[in-house]
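Here's the structure, in structure tokens; my notes come after.
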Amino acid sequence: MIFDFLNPMMLLGLLGISLPILVHLLSRKRYDIVHWGAMQFLELGRRTRRRIRLEGWLLLAIRMLLIALITFALARPWISGGFLSKFISTQSRDVVFIIDGSYSMGWEGEATTPHSAAIQWIHRFMEELNSGDTITVIDARDQPRLVTESPTHQFELVREKLNQLPPPSGSSNLANSVSKAIQTLSTTSNLEREIIVLTDDQAFCWSPQDTILWDQVNDLLQQSAVPIDLWATNVAGEKNQGVQSNLRVEKLTVSREVCVKNLPVKIATTIRYDGPEPSLISPVYFEIDGQRINEKTQSVKIENHGESAIEFQHRFEDEGTHVVSVVLEPDQLPGDDRSDAALHVTSALPVLLVDGTPSFDPTRSEVFFANLALMAPTNRTPWIQTTIIEKEQLNAEILKNQAVVILANVDTLTETQAGDLIDFVNHEGGGVMIALGDQINPEQYQKLLFHAEGLIPVELKANESNPGIDFGNLIQINSDSLQTPWLTRFRGEYASGLTSARFNHWWDVEVLDAAVELPEEQAEKSETKPRSTPVKIAELSNDKPLLYLMNHERGRVLLLTSSLDADWNNLPTKPDYVPFLHEAVFELSSGRVFRNINTDEPIVVPVPAKTTIEQFEFLDPNNNPVIGTIDPSANGATFQSQNTSLPGIYALNPKQGVKTELKSDRFVVNFDRSESDLTPLTEAQQKNLSDDYHLTFFKTLDELKQAMFSDVSETEFWRVLLLIFLLLMVGELFLTRRLVQGGHATLSDNNPPDSTI
């Protein structure tokens, strides 16, 4: 037998038991005793005095008991088992349904999908509940989502919400959803509390190996004032008992998320096959904005449990945001038959070149070679539009319309200019490339730009040179260090390649210890991508760093430890110099808007100034409106939305008939493809979840009803306490009246408590 309280803090009210005693002590009065002749005839008899004394003690005890009863009633005591369960029982219960929303629940091998079966199962179970019961529905995905905002008695509302559930997509975390359900039940009032998990028999979503997650579930269960029953069932039938056939496409990788018209873009991915056949030949389709490009269709042969890499290349002729897709033939698990990515096409990228050594002779300028590489004079339709300025001209106004800024051997900046650059990266999503050289003032760079809150937290240790160059000791780029996707094309040893360039001078640079990621609680509050640590993406053959790349909230910073011209190296003489600078600029510009994100990451995009929410609509993958906000600023505005729990394509469109400068935009929310692993939960894993984490697996609704409804042993008896309280109140009134009429006030001060209490 278990005895406990729902509101144990109310037991502090037991301190009120002392009130009747305090009232008695404070109300006692001292009288002067005057003896007179007839006093002997008024004195009470000994038997009467004893009776009055006993009644006074009884009245005090009743009043203390009344306070104790009301305190215990407010604390809501309950008992599990025992004889009271036979006479008093409350059938009302609080039920939380957890529906697995991952795309494995969309398996089409049966007459109905597991997701539809789960919804139908809840509809049937609701017929077994009473009007006093409450229902909560949780859509289990990467993060649990409450379908009903709070536990509700409105069953029709629950049915309506169930029919409006989005189709299964992405992955799910059932342990997190169970924790969310336990926290929800902590706000309910019924003694019977149930959590019912409806899923397929897939092991992946249970995360049985993640003991930390399940230990958190155990901790929440132990903290609950009332026992909570955990139930789970497989609504998918026997679909995973045999070997199933499934073909899936992995996440797409695009060579650049921001490109210009007629610039080739590579789209790569991997196709995987699992099934009973030893190998499979399948067509792979390429789509742009939902339109299939038939001439780009490829055919791949994949071994069982194997994978095959595939790549498409395309040149875009239209500006704007486009969605590219790699699509497979439909199979029984449609959730992984396609993969999407968004990229933005523009006419030309605006790049600002800040010349650190301006000269009347253009060939002696620090940006002479960089400008020729980025915008050749003979090219009538350049991919990049450059603007050259001196450092004194750098300000917030000129940064407003730029995508990338290149500082070429600029000796120093003012505090205002440094602040404008930091805002340009963090808030405007711009990219900054810093090329060092002999003009650099290390103290000023360290103070203004190279600190924890600056552009990149590094330390300029020393200006170094190659002492063995006269003896044929060459310092070149280490080809193996070029692992970043946009740099891999420059790997390999050939005479005119990037890795054959010789370096005579460089700055020795070291990442500061303060360059760490944001604290977890601060990162969760951030509405944009958090800062990261500088990453070394290229190094010299003497192990000295050459390139550092760092992601900021919205922008990116690239640090080149050598010069951009031919003063410290012969990079400009190499044919790879031109594509290297182009790739660097496109990489830096892609930080302006993150159009390919993961679930529950925010979508942030600049919009024209004075844009209002009423002028456009933001739609989720099911074409349902999504809530977002507009953050106005001096130079424009920013739209952002945190509602990205559903994977797929999101659309930002101006409303028809509304005049606005806003143009349509697209975003892709990706998800974990591990959900395609249909390996079922083993008996050993089920037993572990049952033994260690109190989960009870059942097969049919009748089996659950028999286990859930057969023994309702938890009993609240506060109603009984209130009934006893009322009866004692009647007794207290009767006893008080009797004492008053009995004249007990004449008792001496040494007598027991009287009716003045």
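Residues in the structure tokens are numbered from 1 in each chain, the chains being A, B, ... in the order shown, and ligands are numbered from 1 in the order shown.
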
| query | Please, which residues of segment 66-274 of chain A, numbered as in this document, come out alpha helix (DSSP H) from DSSP, as a PyMOL selection string? | reply | chain A and resi 66-74+114-126+155-163+174-185+211-223

| Selection near segment 251-253 of chain A, 7 Å with only C-alpha atoms, sequence-local residues under 3 positions removed, as a list in words | Ile267, Ala268, Thr269, Ser339, Asp340 and Ala341 of chain A

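What separates atom CA of Gln216 of chain A from atom CA of Arg193 of chain A is a distance of 18.6 Å.
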
| field | Between atom CA of Ile99 of chain A and atom CA of Ser171 of chain A, distance in Å (one decimal) | value |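 Rounded to one decimal, the two atoms are 12.2 Å apart.
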
Find the residues near Pro625 of chain A: any atom within 12 Å, counting only C-alpha atoms, skip ones fewer than 3 places away on the same chain, and give them as a PDB file with C-alpha atoms, in the first residue's frame.
ATOM      1  CA  ILE A 613       3.690  40.924 -42.456  1.00  0.00           C
ATOM      2  CA  PHE A 616       3.386  38.428 -47.942  1.00  0.00           C
ATOM      3  CA  GLU A 617       2.697  34.871 -46.864  1.00  0.00           C
ATOM      4  CA  PHE A 618       5.106  32.283 -45.502  1.00  0.00           C
ATOM      5  CA  LEU A 619       4.050  28.684 -46.173  1.00  0.00           C
ATOM      6  CA  ASP A 620       5.292  25.353 -44.809  1.00  0.00           C
ATOM      7  CA  PRO A 621       5.803  22.199 -46.942  1.00  0.00           C
ATOM      8  CA  ASN A 622       2.057  21.454 -46.687  1.00  0.00           C
ATOM      9  CA  GLY A 628       7.046  34.832 -38.556  1.00  0.00           C
ATOM     10  CA  SER A 641      10.587  32.329 -38.372  1.00  0.00           C
ATOM     11  CA  ASN A 643       8.588  27.289 -36.992  1.00  0.00           C
ATOM     12  CA  THR A 644      10.645  24.787 -38.987  1.00  0.00           C
ATOM     13  CA  TYR A 650       9.195  26.550 -47.327  1.00  0.00           C
ATOM     14  CA  ALA A 651       8.002  29.420 -49.518  1.00  0.00           C
ATOM     15  CA  LEU A 652       8.052  33.177 -48.945  1.00  0.00           C
ATOM     16  CA  ASN A 653       5.720  34.847 -51.458  1.00  0.00           C
TER      17      ASN A 653
END

| Leu146 of chain A: which residues within 9 Å, counting only C-alpha atoms, same-chain residues fewer than 5 positions away excluded, as a PyMOL selection string? | chain A and resi 136-140+180

| task | Write out as a PyMOL selection string each polymer residue whose atoms come within 12 Å of Glu683 of chain A, counting only C-alpha atoms; drop sequence neighbours fewer than 4 positions from it. | result | chain A and resi 201+203+208+687-691+697

Atoms to include: all heavy atoms. Write the selected residues as a PDB file, in the first residue's frame.
ATOM      1  N   ASP A 201       7.461  -0.661 -35.454  1.00  0.00           N
ATOM      2  CA  ASP A 201       8.383  -1.483 -34.659  1.00  0.00           C
ATOM      3  C   ASP A 201       9.842  -1.164 -34.960  1.00  0.00           C
ATOM      4  O   ASP A 201      10.732  -1.953 -34.680  1.00  0.00           O
ATOM      5  CB  ASP A 201       8.112  -2.974 -34.904  1.00  0.00           C
ATOM      6  CG  ASP A 201       8.265  -3.351 -36.371  1.00  0.00           C
ATOM      7  OD1 ASP A 201       8.370  -2.435 -37.208  1.00  0.00           O
ATOM      8  OD2 ASP A 201       8.267  -4.557 -36.678  1.00  0.00           O
ATOM      9  N   ALA A 203      13.504   0.373 -34.523  1.00  0.00           N
ATOM     10  CA  ALA A 203      14.328   0.604 -33.334  1.00  0.00           C
ATOM     11  C   ALA A 203      14.915   2.006 -33.299  1.00  0.00           C
ATOM     12  O   ALA A 203      15.160   2.557 -32.224  1.00  0.00           O
ATOM     13  CB  ALA A 203      15.453  -0.430 -33.273  1.00  0.00           C
ATOM     14  N   PRO A 208      17.374   3.104 -28.181  1.00  0.00           N
ATOM     15  CA  PRO A 208      17.539   2.270 -26.977  1.00  0.00           C
ATOM     16  C   PRO A 208      18.951   2.319 -26.403  1.00  0.00           C
ATOM     17  O   PRO A 208      19.148   2.050 -25.222  1.00  0.00           O
ATOM     18  CB  PRO A 208      17.192   0.862 -27.485  1.00  0.00           C
ATOM     19  CG  PRO A 208      17.436   0.906 -28.962  1.00  0.00           C
ATOM     20  CD  PRO A 208      17.108   2.301 -29.394  1.00  0.00           C
ATOM     21  N   LYS A 687      12.787  -5.688 -23.765  1.00  0.00           N
ATOM     22  CA  LYS A 687      12.889  -6.096 -22.360  1.00  0.00           C
ATOM     23  C   LYS A 687      13.667  -5.059 -21.549  1.00  0.00           C
ATOM     24  O   LYS A 687      13.310  -4.756 -20.405  1.00  0.00           O
ATOM     25  CB  LYS A 687      13.565  -7.462 -22.255  1.00  0.00           C
ATOM     26  CG  LYS A 687      13.563  -8.061 -20.848  1.00  0.00           C
ATOM     27  CD  LYS A 687      14.160  -9.454 -20.850  1.00  0.00           C
ATOM     28  CE  LYS A 687      14.036 -10.112 -19.481  1.00  0.00           C
ATOM     29  NZ  LYS A 687      14.678  -9.314 -18.412  1.00  0.00           N
ATOM     30  N   ASN A 688      14.703  -4.501 -22.158  1.00  0.00           N
ATOM     31  CA  ASN A 688      15.490  -3.483 -21.460  1.00  0.00           C
ATOM     32  C   ASN A 688      14.646  -2.239 -21.181  1.00  0.00           C
ATOM     33  O   ASN A 688      14.689  -1.676 -20.078  1.00  0.00           O
ATOM     34  CB  ASN A 688      16.713  -3.109 -22.296  1.00  0.00           C
ATOM     35  CG  ASN A 688      17.587  -2.069 -21.613  1.00  0.00           C
ATOM     36  OD1 ASN A 688      18.131  -2.315 -20.545  1.00  0.00           O
ATOM     37  ND2 ASN A 688      17.714  -0.908 -22.230  1.00  0.00           N
ATOM     38  N   LEU A 689      13.868  -1.800 -22.164  1.00  0.00           N
ATOM     39  CA  LEU A 689      12.996  -0.640 -21.963  1.00  0.00           C
ATOM     40  C   LEU A 689      11.927  -0.934 -20.924  1.00  0.00           C
ATOM     41  O   LEU A 689      11.536  -0.048 -20.148  1.00  0.00           O
ATOM     42  CB  LEU A 689      12.349  -0.232 -23.293  1.00  0.00           C
ATOM     43  CG  LEU A 689      13.277   0.377 -24.350  1.00  0.00           C
ATOM     44  CD1 LEU A 689      12.540   0.563 -25.671  1.00  0.00           C
ATOM     45  CD2 LEU A 689      13.836   1.711 -23.873  1.00  0.00           C
ATOM     46  N   SER A 690      11.462  -2.173 -20.892  1.00  0.00           N
ATOM     47  CA  SER A 690      10.430  -2.542 -19.917  1.00  0.00           C
ATOM     48  C   SER A 690      10.997  -2.634 -18.506  1.00  0.00           C
ATOM     49  O   SER A 690      10.410  -2.109 -17.553  1.00  0.00           O
ATOM     50  CB  SER A 690       9.794  -3.874 -20.308  1.00  0.00           C
ATOM     51  OG  SER A 690       9.168  -3.793 -21.567  1.00  0.00           O
ATOM     52  N   ASP A 691      12.146  -3.275 -18.369  1.00  0.00           N
ATOM     53  CA  ASP A 691      12.712  -3.501 -17.041  1.00  0.00           C
ATOM     54  C   ASP A 691      13.307  -2.238 -16.444  1.00  0.00           C
ATOM     55  O   ASP A 691      13.131  -1.959 -15.248  1.00  0.00           O
ATOM     56  CB  ASP A 691      13.778  -4.600 -17.106  1.00  0.00           C
ATOM     57  CG  ASP A 691      13.194  -5.946 -17.489  1.00  0.00           C
ATOM     58  OD1 ASP A 691      11.962  -6.103 -17.405  1.00  0.00           O
ATOM     59  OD2 ASP A 691      13.976  -6.837 -17.881  1.00  0.00           O
ATOM     60  N   PHE A 697       4.805  -2.941 -23.218  1.00  0.00           N
ATOM     61  CA  PHE A 697       4.425  -3.097 -24.613  1.00  0.00           C
ATOM     62  C   PHE A 697       3.179  -3.981 -24.704  1.00  0.00           C
ATOM     63  O   PHE A 697       3.097  -5.025 -24.051  1.00  0.00           O
ATOM     64  CB  PHE A 697       5.568  -3.721 -25.417  1.00  0.00           C
ATOM     65  CG  PHE A 697       6.739  -2.804 -25.608  1.00  0.00           C
ATOM     66  CD1 PHE A 697       7.741  -2.718 -24.642  1.00  0.00           C
ATOM     67  CD2 PHE A 697       6.844  -2.022 -26.746  1.00  0.00           C
ATOM     68  CE1 PHE A 697       8.819  -1.869 -24.814  1.00  0.00           C
ATOM     69  CE2 PHE A 697       7.932  -1.171 -26.927  1.00  0.00           C
ATOM     70  CZ  PHE A 697       8.922  -1.090 -25.954  1.00  0.00           C
TER      71      PHE A 697
END

| Of the candidates A:Lys447, A:Arg248, A:Arg737, A:Arg666, which shows the shortest atom-to-atom distance to Asp336 of chain A, using only C-alpha atoms? |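 Closest candidate: A:Arg248.
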
| field | Long-range neighbours of Asp677 of chain A as an NGL selection string, 10 Å cut-off, only C-alpha atoms, 3 positions minimum in chain | value | :A and (104 or 202-205 or 246 or 274 or 673-674 or 680)

Would you output that residue set with N, CA, C and O atoms, as a short mmCIF file (atom, residue, chain, number, x, y, z; two decimals), in the first residue's frame?
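So result.cif came out as:
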data_model
loop_
_atom_site.label_atom_id
_atom_site.label_comp_id
_atom_site.auth_asym_id
_atom_site.auth_seq_id
_atom_site.Cartn_x
_atom_site.Cartn_y
_atom_site.Cartn_z
N SER A 104 9.17 7.02 -41.43
CA SER A 104 8.99 5.56 -41.49
C SER A 104 7.53 5.19 -41.21
O SER A 104 7.08 4.11 -41.60
N GLN A 202 10.10 0.02 -35.50
CA GLN A 202 11.46 0.44 -35.83
C GLN A 202 12.24 0.78 -34.56
O GLN A 202 11.72 1.41 -33.64
N ALA A 203 13.50 0.37 -34.52
CA ALA A 203 14.33 0.60 -33.33
C ALA A 203 14.91 2.01 -33.30
O ALA A 203 15.16 2.56 -32.22
N PHE A 204 15.15 2.61 -34.48
CA PHE A 204 15.90 3.86 -34.53
C PHE A 204 15.25 4.96 -33.69
O PHE A 204 15.93 5.68 -32.95
N CYS A 205 13.93 5.13 -33.80
CA CYS A 205 13.27 6.24 -33.11
C CYS A 205 13.27 6.06 -31.59
O CYS A 205 13.13 7.04 -30.85
N ASN A 246 14.06 -1.04 -50.04
CA ASN A 246 13.97 0.42 -49.95
C ASN A 246 15.17 1.05 -50.64
O ASN A 246 16.31 0.65 -50.45
N ASP A 274 18.71 -1.01 -49.85
CA ASP A 274 18.62 -2.12 -48.90
C ASP A 274 17.42 -2.97 -49.32
O ASP A 274 16.30 -2.46 -49.46
N ARG A 673 18.45 11.19 -42.48
CA ARG A 673 18.00 10.06 -43.32
C ARG A 673 18.19 8.71 -42.63
O ARG A 673 17.87 7.67 -43.22
N SER A 674 18.68 8.71 -41.41
CA SER A 674 18.86 7.44 -40.70
C SER A 674 17.53 6.76 -40.42
O SER A 674 17.48 5.57 -40.10
N PRO A 680 13.90 -3.61 -36.89
CA PRO A 680 12.91 -3.57 -35.81
C PRO A 680 13.54 -3.61 -34.42
O PRO A 680 14.71 -4.00 -34.26
#

| message | Please list as a list in words every residue within 9 Å of segment 474-482 of chain A, counting only C-alpha atoms and excluding residues in the same chain fewer than 5 positions away. | response |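 Once the adjacent positions are removed, what remains is Asn466, Gly468, Ile469, Leu487, Thr488, Arg489, Phe490, Arg491, Gly492, Glu493, Leu498, Thr499, Ser500, Ala501, Arg502, Phe503, Asn504, Lys536, Ile537, Ala538, Glu539, Leu540, Ser541, Asn542, Asp543 and Leu546 of chain A.
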
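Minimum distance to Leu19 of chain A across A:Arg63, A:Ile388, A:Val260, A:His305 (counting only C-alpha atoms) occurs at A:Arg63.
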
Closest atom pairs, segment 325-383 of chain A residues within 9 Å of segment 390-401 of chain A, only C-alpha atoms, as JSON lines:
{"residue": "A:Pro350", "atom": "CA", "partner": "A:Asn401", "partner_atom": "CA", "distance": 7.4}
{"residue": "A:Leu352", "atom": "CA", "partner": "A:Leu399", "partner_atom": "CA", "distance": 8.0}
{"residue": "A:Leu353", "atom": "CA", "partner": "A:Glu390", "partner_atom": "CA", "distance": 8.4}
{"residue": "A:Val354", "atom": "CA", "partner": "A:Glu390", "partner_atom": "CA", "distance": 5.5}
{"residue": "A:Asp355", "atom": "CA", "partner": "A:Glu390", "partner_atom": "CA", "distance": 5.3}
{"residue": "A:Gly356", "atom": "CA", "partner": "A:Lys391", "partner_atom": "CA", "distance": 6.9}
{"residue": "A:Thr357", "atom": "CA", "partner": "A:Glu390", "partner_atom": "CA", "distance": 8.4}
{"residue": "A:Pro358", "atom": "CA", "partner": "A:Glu390", "partner_atom": "CA", "distance": 6.9}

Got time to write the residues from that selection, all heavy atoms, as a tab-separated table (two decimals), in the first residue's frame?
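This is the output file part06.tsv:
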chain	number	residue	atom	x	y	z
A	350	PRO	N	28.25	41.70	-55.84
A	350	PRO	CA	29.00	42.93	-55.56
A	350	PRO	C	30.10	42.67	-54.53
A	350	PRO	O	29.84	42.19	-53.43
A	350	PRO	CB	27.93	43.87	-55.00
A	350	PRO	CG	26.90	42.97	-54.41
A	350	PRO	CD	26.91	41.70	-55.21
A	352	LEU	N	33.55	44.41	-52.63
A	352	LEU	CA	34.27	45.65	-52.31
A	352	LEU	C	35.73	45.32	-52.01
A	352	LEU	O	36.03	44.54	-51.10
A	352	LEU	CB	33.62	46.33	-51.11
A	352	LEU	CG	34.18	47.70	-50.70
A	352	LEU	CD1	33.90	48.73	-51.79
A	352	LEU	CD2	33.58	48.14	-49.38
A	353	LEU	N	36.64	45.91	-52.77
A	353	LEU	CA	38.07	45.72	-52.57
A	353	LEU	C	38.64	46.94	-51.86
A	353	LEU	O	38.58	48.06	-52.40
A	353	LEU	CB	38.79	45.51	-53.90
A	353	LEU	CG	38.35	44.30	-54.74
A	353	LEU	CD1	39.05	44.32	-56.09
A	353	LEU	CD2	38.64	43.01	-54.01
A	354	VAL	N	39.19	46.75	-50.67
A	354	VAL	CA	39.79	47.85	-49.90
A	354	VAL	C	41.30	47.76	-50.09
A	354	VAL	O	41.94	46.82	-49.61
A	354	VAL	CB	39.40	47.77	-48.42
A	354	VAL	CG1	39.96	48.99	-47.67
A	354	VAL	CG2	37.89	47.69	-48.25
A	355	ASP	N	41.86	48.73	-50.81
A	355	ASP	CA	43.27	48.71	-51.19
A	355	ASP	C	44.12	49.23	-50.04
A	355	ASP	O	43.98	50.38	-49.60
A	355	ASP	CB	43.47	49.58	-52.43
A	355	ASP	CG	44.84	49.40	-53.05
A	355	ASP	OD1	45.68	48.71	-52.45
A	355	ASP	OD2	45.07	49.95	-54.14
A	356	GLY	N	45.05	48.41	-49.56
A	356	GLY	CA	45.92	48.80	-48.47
A	356	GLY	C	47.12	49.62	-48.90
A	356	GLY	O	47.73	50.31	-48.08
A	357	THR	N	47.48	49.56	-50.19
A	357	THR	CA	48.62	50.35	-50.70
A	357	THR	C	48.22	51.04	-52.00
A	357	THR	O	48.68	50.66	-53.09
A	357	THR	CB	49.85	49.44	-50.94
A	357	THR	OG1	49.48	48.40	-51.86
A	357	THR	CG2	50.33	48.84	-49.65
A	358	PRO	N	47.34	52.02	-51.93
A	358	PRO	CA	46.92	52.71	-53.17
A	358	PRO	C	48.10	53.41	-53.84
A	358	PRO	O	49.03	53.88	-53.19
A	358	PRO	CB	45.88	53.71	-52.66
A	358	PRO	CG	46.20	53.91	-51.22
A	358	PRO	CD	46.74	52.62	-50.73

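You can rank A:Ile630, A:Val658, A:Val300, A:Ala373 by their closest distance to Gln615 of chain A using only C-alpha atoms, and at the top of that list sits A:Val658.
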
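For the choices A:Ile212, A:Val585, A:Leu722, A:Leu59, the atom-to-atom distance to Phe72 of chain A is smallest for A:Leu722 when using only C-alpha atoms.
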
| field | A:Asp94, A:Glu464, A:Glu587, A:Glu108 ranked by distance to His153 of chain A, top pick (using only C-alpha atoms) | value | A:Asp94

| task | Give me every strand (DSSP E) residue in segment 453-673 of chain A, going by DSSP on the backbone, as a PyMOL selection string. | result | chain A and resi 458-465+505-511+535-539+545-551+556-560+596-598+603-607+616-619+629-633+636-641+648-654+665-670

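When only C-alpha atoms are used to compute distances to His552 of chain A, the closest of the residues A:Asp200, A:Asp100, A:Glu661, A:Asp423 turns out to be A:Asp423.
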
| message | For a test of reading the model, state the distance in Å between atom CA of Ile384 of chain A and atom CA of Gln291 of chain A, rounded to one decimal. | response | 28.8 Å
